[in-house]
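Report on the structure given below.
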Amino acid sequence: MSNTKIAATREKPAGDKVTVPRLREMKTRGEKIVMLTAYDAGFAAQCELGGVDSVLVGDSLGMVVQGRASTLPVTLDEMVYHSAAVARGTHTALLIADLPFMTFRDADTALRSSARLLAEGGAAMVKLEGADYVLDVIRALDRHQIPVCAHLGLTPQSVHKLGGYHVQGKGKSAAERLLADARAVEQAGAALLVLECVPAALARQITAQLQIPTIGIGAGADCDGQVLVIYDMLGITPGKRPRFSRDFLAGQGSVADAIRAYAKAVRSGAFPAAEHSF
Ligand code: KIV
């Protein structure tokens, strides 16, 4: 077995705190980054037991916890509340919290919002959607020592502009724009990039060209890590499961076992398979 294969299949060492610089080291070593969303202390504790590297308090909570039709109504107060709850259940995983709609519309607003997520919510990093004007925001956050995770591809806060929840970056010019945006967010100071619902070949190209790690959701197996919405991968979300997800609770005895199975599948490269990709 080659060294790369050993690195890729290794479990997260118990008690080892995951930091922002550690994510970059994991990319360099070819170790897949395992991320899941969580919205409360109980599920955060299960994520810890399951050995995930990072927990994302996503604004997806607006849909899966609050039952809303989109993430747009989620407020900063709600994100701070859920982030603080997750922080109480998280000990070693890196805690990332989403900046909700309009809370990063300019650099000053983004600094105030992010300060709350870090100081009151216990997050170590904030995630924000988009490029364009967002590049100035990323620069300001980075200058103020706030680690940033960018989010490109299907950006749910732009659902009305996009006309629905569709795969992004299809076709030559859309792919070139997405690649340019990925380079731009890295250049602006982002330390991590989530790619949501983009063709696997494009995600592979972006991942190869960036120094920062990429985390895919519906973006194929060649990203540096994977994230899923925990309600989707436990089969709790009502309705049809998204194509890019899988029910990891099926055949397992507990939530922690389901998360362990997900972590193992990501680290070994078994998830996502072609059927979960575009
Ligand atoms: O809000 C969220 O949970 C997210 C993930 C789907 C990446 O942004």
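Every chain in the structure tokens has a letter given in the order shown (A, B, ...), and although residue numbers restart at 1 in each chain, ligands are simply numbered from 1 in the order shown.
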Task: Expected selection as a PyMOL selection string for ligand 1 within 9 Å, only C-alpha atoms and all ligand atoms - done: chain A and resi 36-38+56-62+71+97-98+100+127-129+151+155-156+194-196+215-217+227-230
Open item on the list: So that I can check the surroundings of Glu11 (chain A), please list as an MDAnalysis selection string every protein, DNA and RNA residue that reaches within 9 Å of it, counting only C-alpha atoms and ignoring chain neighbours fewer than 5 positions away.
Closed with: chainID A and resid 51 263:264 267
Write the selection just made, keeping C-alpha atoms, as a short mmCIF file (atom, residue, chain, number, x, y, z; two decimals), in the first residue's frame?
```cif
data_model
loop_
_atom_site.label_atom_id
_atom_site.label_comp_id
_atom_site.auth_asym_id
_atom_site.auth_seq_id
_atom_site.Cartn_x
_atom_site.Cartn_y
_atom_site.Cartn_z
CA GLY A 51 -14.80 11.30 14.23
CA ALA A 263 -16.31 9.39 7.84
CA LYS A 264 -14.82 6.07 6.78
CA ARG A 267 -11.61 8.98 4.02
#
```
Open item on the list: Write out as a PyMOL selection string the set of residues from region 27-244 of chain A that DSSP, computed on the backbone, places in alpha helix (DSSP H).
Closed with: chain A and resi 27-29+41-50+61-64+76-89+107-119+134-143+159-162+172-188+200-209+230-233
- [ ] Identify which of the residues A:Leu111, A:Ala265, A:Leu117, A:Cys47 lies closest to Leu76 (chain A), counting only C-alpha atoms when measuring atom-to-atom distances.
- [x]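 Checking each of A:Leu111, A:Ala265, A:Leu117, A:Cys47 against Leu76 (chain A), counting only C-alpha atoms, the winner is A:Leu117.
Minimum atom-to-atom distance to Tyr81 (chain A), evaluated using only C-alpha atoms, belongs to A:Glu120 out of A:Glu176, A:Glu120, A:Asp224, A:Asp106.
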Output as CSV one row per residue of region 106-223 of chain A within 9 Å of region 269-276 of chain A: the closest atom pair and its distance in Å to one decimal place, counting only C-alpha atoms, sorted by chain and residue number ascending.
```
residue,atom,partner,partner_atom,distance
A:Ala200,CA,A:Ala274,CA,8.9
A:Ile217,CA,A:Pro272,CA,8.9
A:Gly218,CA,A:His276,CA,6.5
A:Ala219,CA,A:His276,CA,8.5
A:Gly220,CA,A:Pro272,CA,6.2
A:Ala221,CA,A:Pro272,CA,5.4
A:Asp222,CA,A:Gly269,CA,8.5
```
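Among A:Leu95, A:Val198, A:Ile206, A:Ala256, the residue with the shortest atom-to-atom distance to Ala180 (chain A), counting only C-alpha atoms, is A:Ile206.
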- [ ] Can you pull out every residue within 8 Å of Ile259 (chain A), counting only C-alpha atoms, but drop anything in the same chain fewer than 5 positions away, and send it as a count of residues only?
- [x] 7
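Of the residues under consideration (A:Gly42, A:Gly163, A:Gly239, A:Gly153), A:Gly153 shows the shortest atom-to-atom contact distance to Thr214 (chain A) when counting only C-alpha atoms.
Secondary structure of region 128-273 of chain A, strand (DSSP E or B) only (DSSP, backbone atoms): Leu128, Glu129, Val148, Cys149, Ala150, His151, Leu152, Gly153, Leu192, Leu193, Val194, Leu195, Glu196, Thr214, Ile215, Gly216, Ile217, Gly225, Gln226, Val227 and Leu228 of chain A.
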Go ahead and dump the residues you just picked, C-alpha atoms, as a PDB file, in the first residue's frame.
```pdb
ATOM      1  CA  LEU A 128     -20.090  33.123   3.269  1.00  0.00           C
ATOM      2  CA  GLU A 129     -21.587  32.620  -0.178  1.00  0.00           C
ATOM      3  CA  VAL A 148     -13.075  32.518   6.044  1.00  0.00           C
ATOM      4  CA  CYS A 149     -14.645  29.602   4.219  1.00  0.00           C
ATOM      5  CA  ALA A 150     -15.944  30.691   0.803  1.00  0.00           C
ATOM      6  CA  HIS A 151     -18.917  28.947  -0.841  1.00  0.00           C
ATOM      7  CA  LEU A 152     -19.351  28.780  -4.638  1.00  0.00           C
ATOM      8  CA  GLY A 153     -21.458  26.855  -7.144  1.00  0.00           C
ATOM      9  CA  LEU A 192     -11.353  26.956   2.672  1.00  0.00           C
ATOM     10  CA  LEU A 193     -13.843  26.661  -0.194  1.00  0.00           C
ATOM     11  CA  VAL A 194     -17.158  24.784  -0.274  1.00  0.00           C
ATOM     12  CA  LEU A 195     -18.214  23.751  -3.784  1.00  0.00           C
ATOM     13  CA  GLU A 196     -21.912  22.885  -3.936  1.00  0.00           C
ATOM     14  CA  THR A 214     -12.033  22.374  -1.275  1.00  0.00           C
ATOM     15  CA  ILE A 215     -15.017  20.715   0.407  1.00  0.00           C
ATOM     16  CA  GLY A 216     -17.587  19.241  -1.935  1.00  0.00           C
ATOM     17  CA  ILE A 217     -21.303  18.623  -1.642  1.00  0.00           C
ATOM     18  CA  GLY A 225     -13.121  16.861   1.679  1.00  0.00           C
ATOM     19  CA  GLN A 226     -16.877  16.349   1.805  1.00  0.00           C
ATOM     20  CA  VAL A 227     -19.780  17.866   3.695  1.00  0.00           C
ATOM     21  CA  LEU A 228     -23.384  16.691   4.006  1.00  0.00           C
TER      22      LEU A 228
END
```
Task: Best match for closeness to Pro242 (chain A) among A:Gln211, A:Arg183, A:His166, A:Ala188, counting only C-alpha atoms - done: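 Going through A:Gln211, A:Arg183, A:His166, A:Ala188 one by one, the smallest distance to Pro242 (chain A) is for A:His166.
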Task: d(CA of Ala45 (chain A), CA of Val74 (chain A)) in Å - done: 23.5 Å
- [ ] To one decimal in Å, tell me the separation between CA of Val266 (chain A) and CA of Pro147 (chain A).
- [x]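 Between CA of Val266 (chain A) and CA of Pro147 (chain A) the gap works out to 24.2 Å.
Across A:Leu99, A:Ala44, A:Val64, A:Ala191, the tightest approach to Glu78 (chain A) is made by A:Leu99 when counting only C-alpha atoms.
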TODO: Find the residues near Ala14 (chain A): any atom within 10 Å, counting only C-alpha atoms, skip ones fewer than 4 places away on the same chain, and give them as a list in words.
DONE: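 That gives Glu48, Leu49, Gly51 and Thr92 of chain A.
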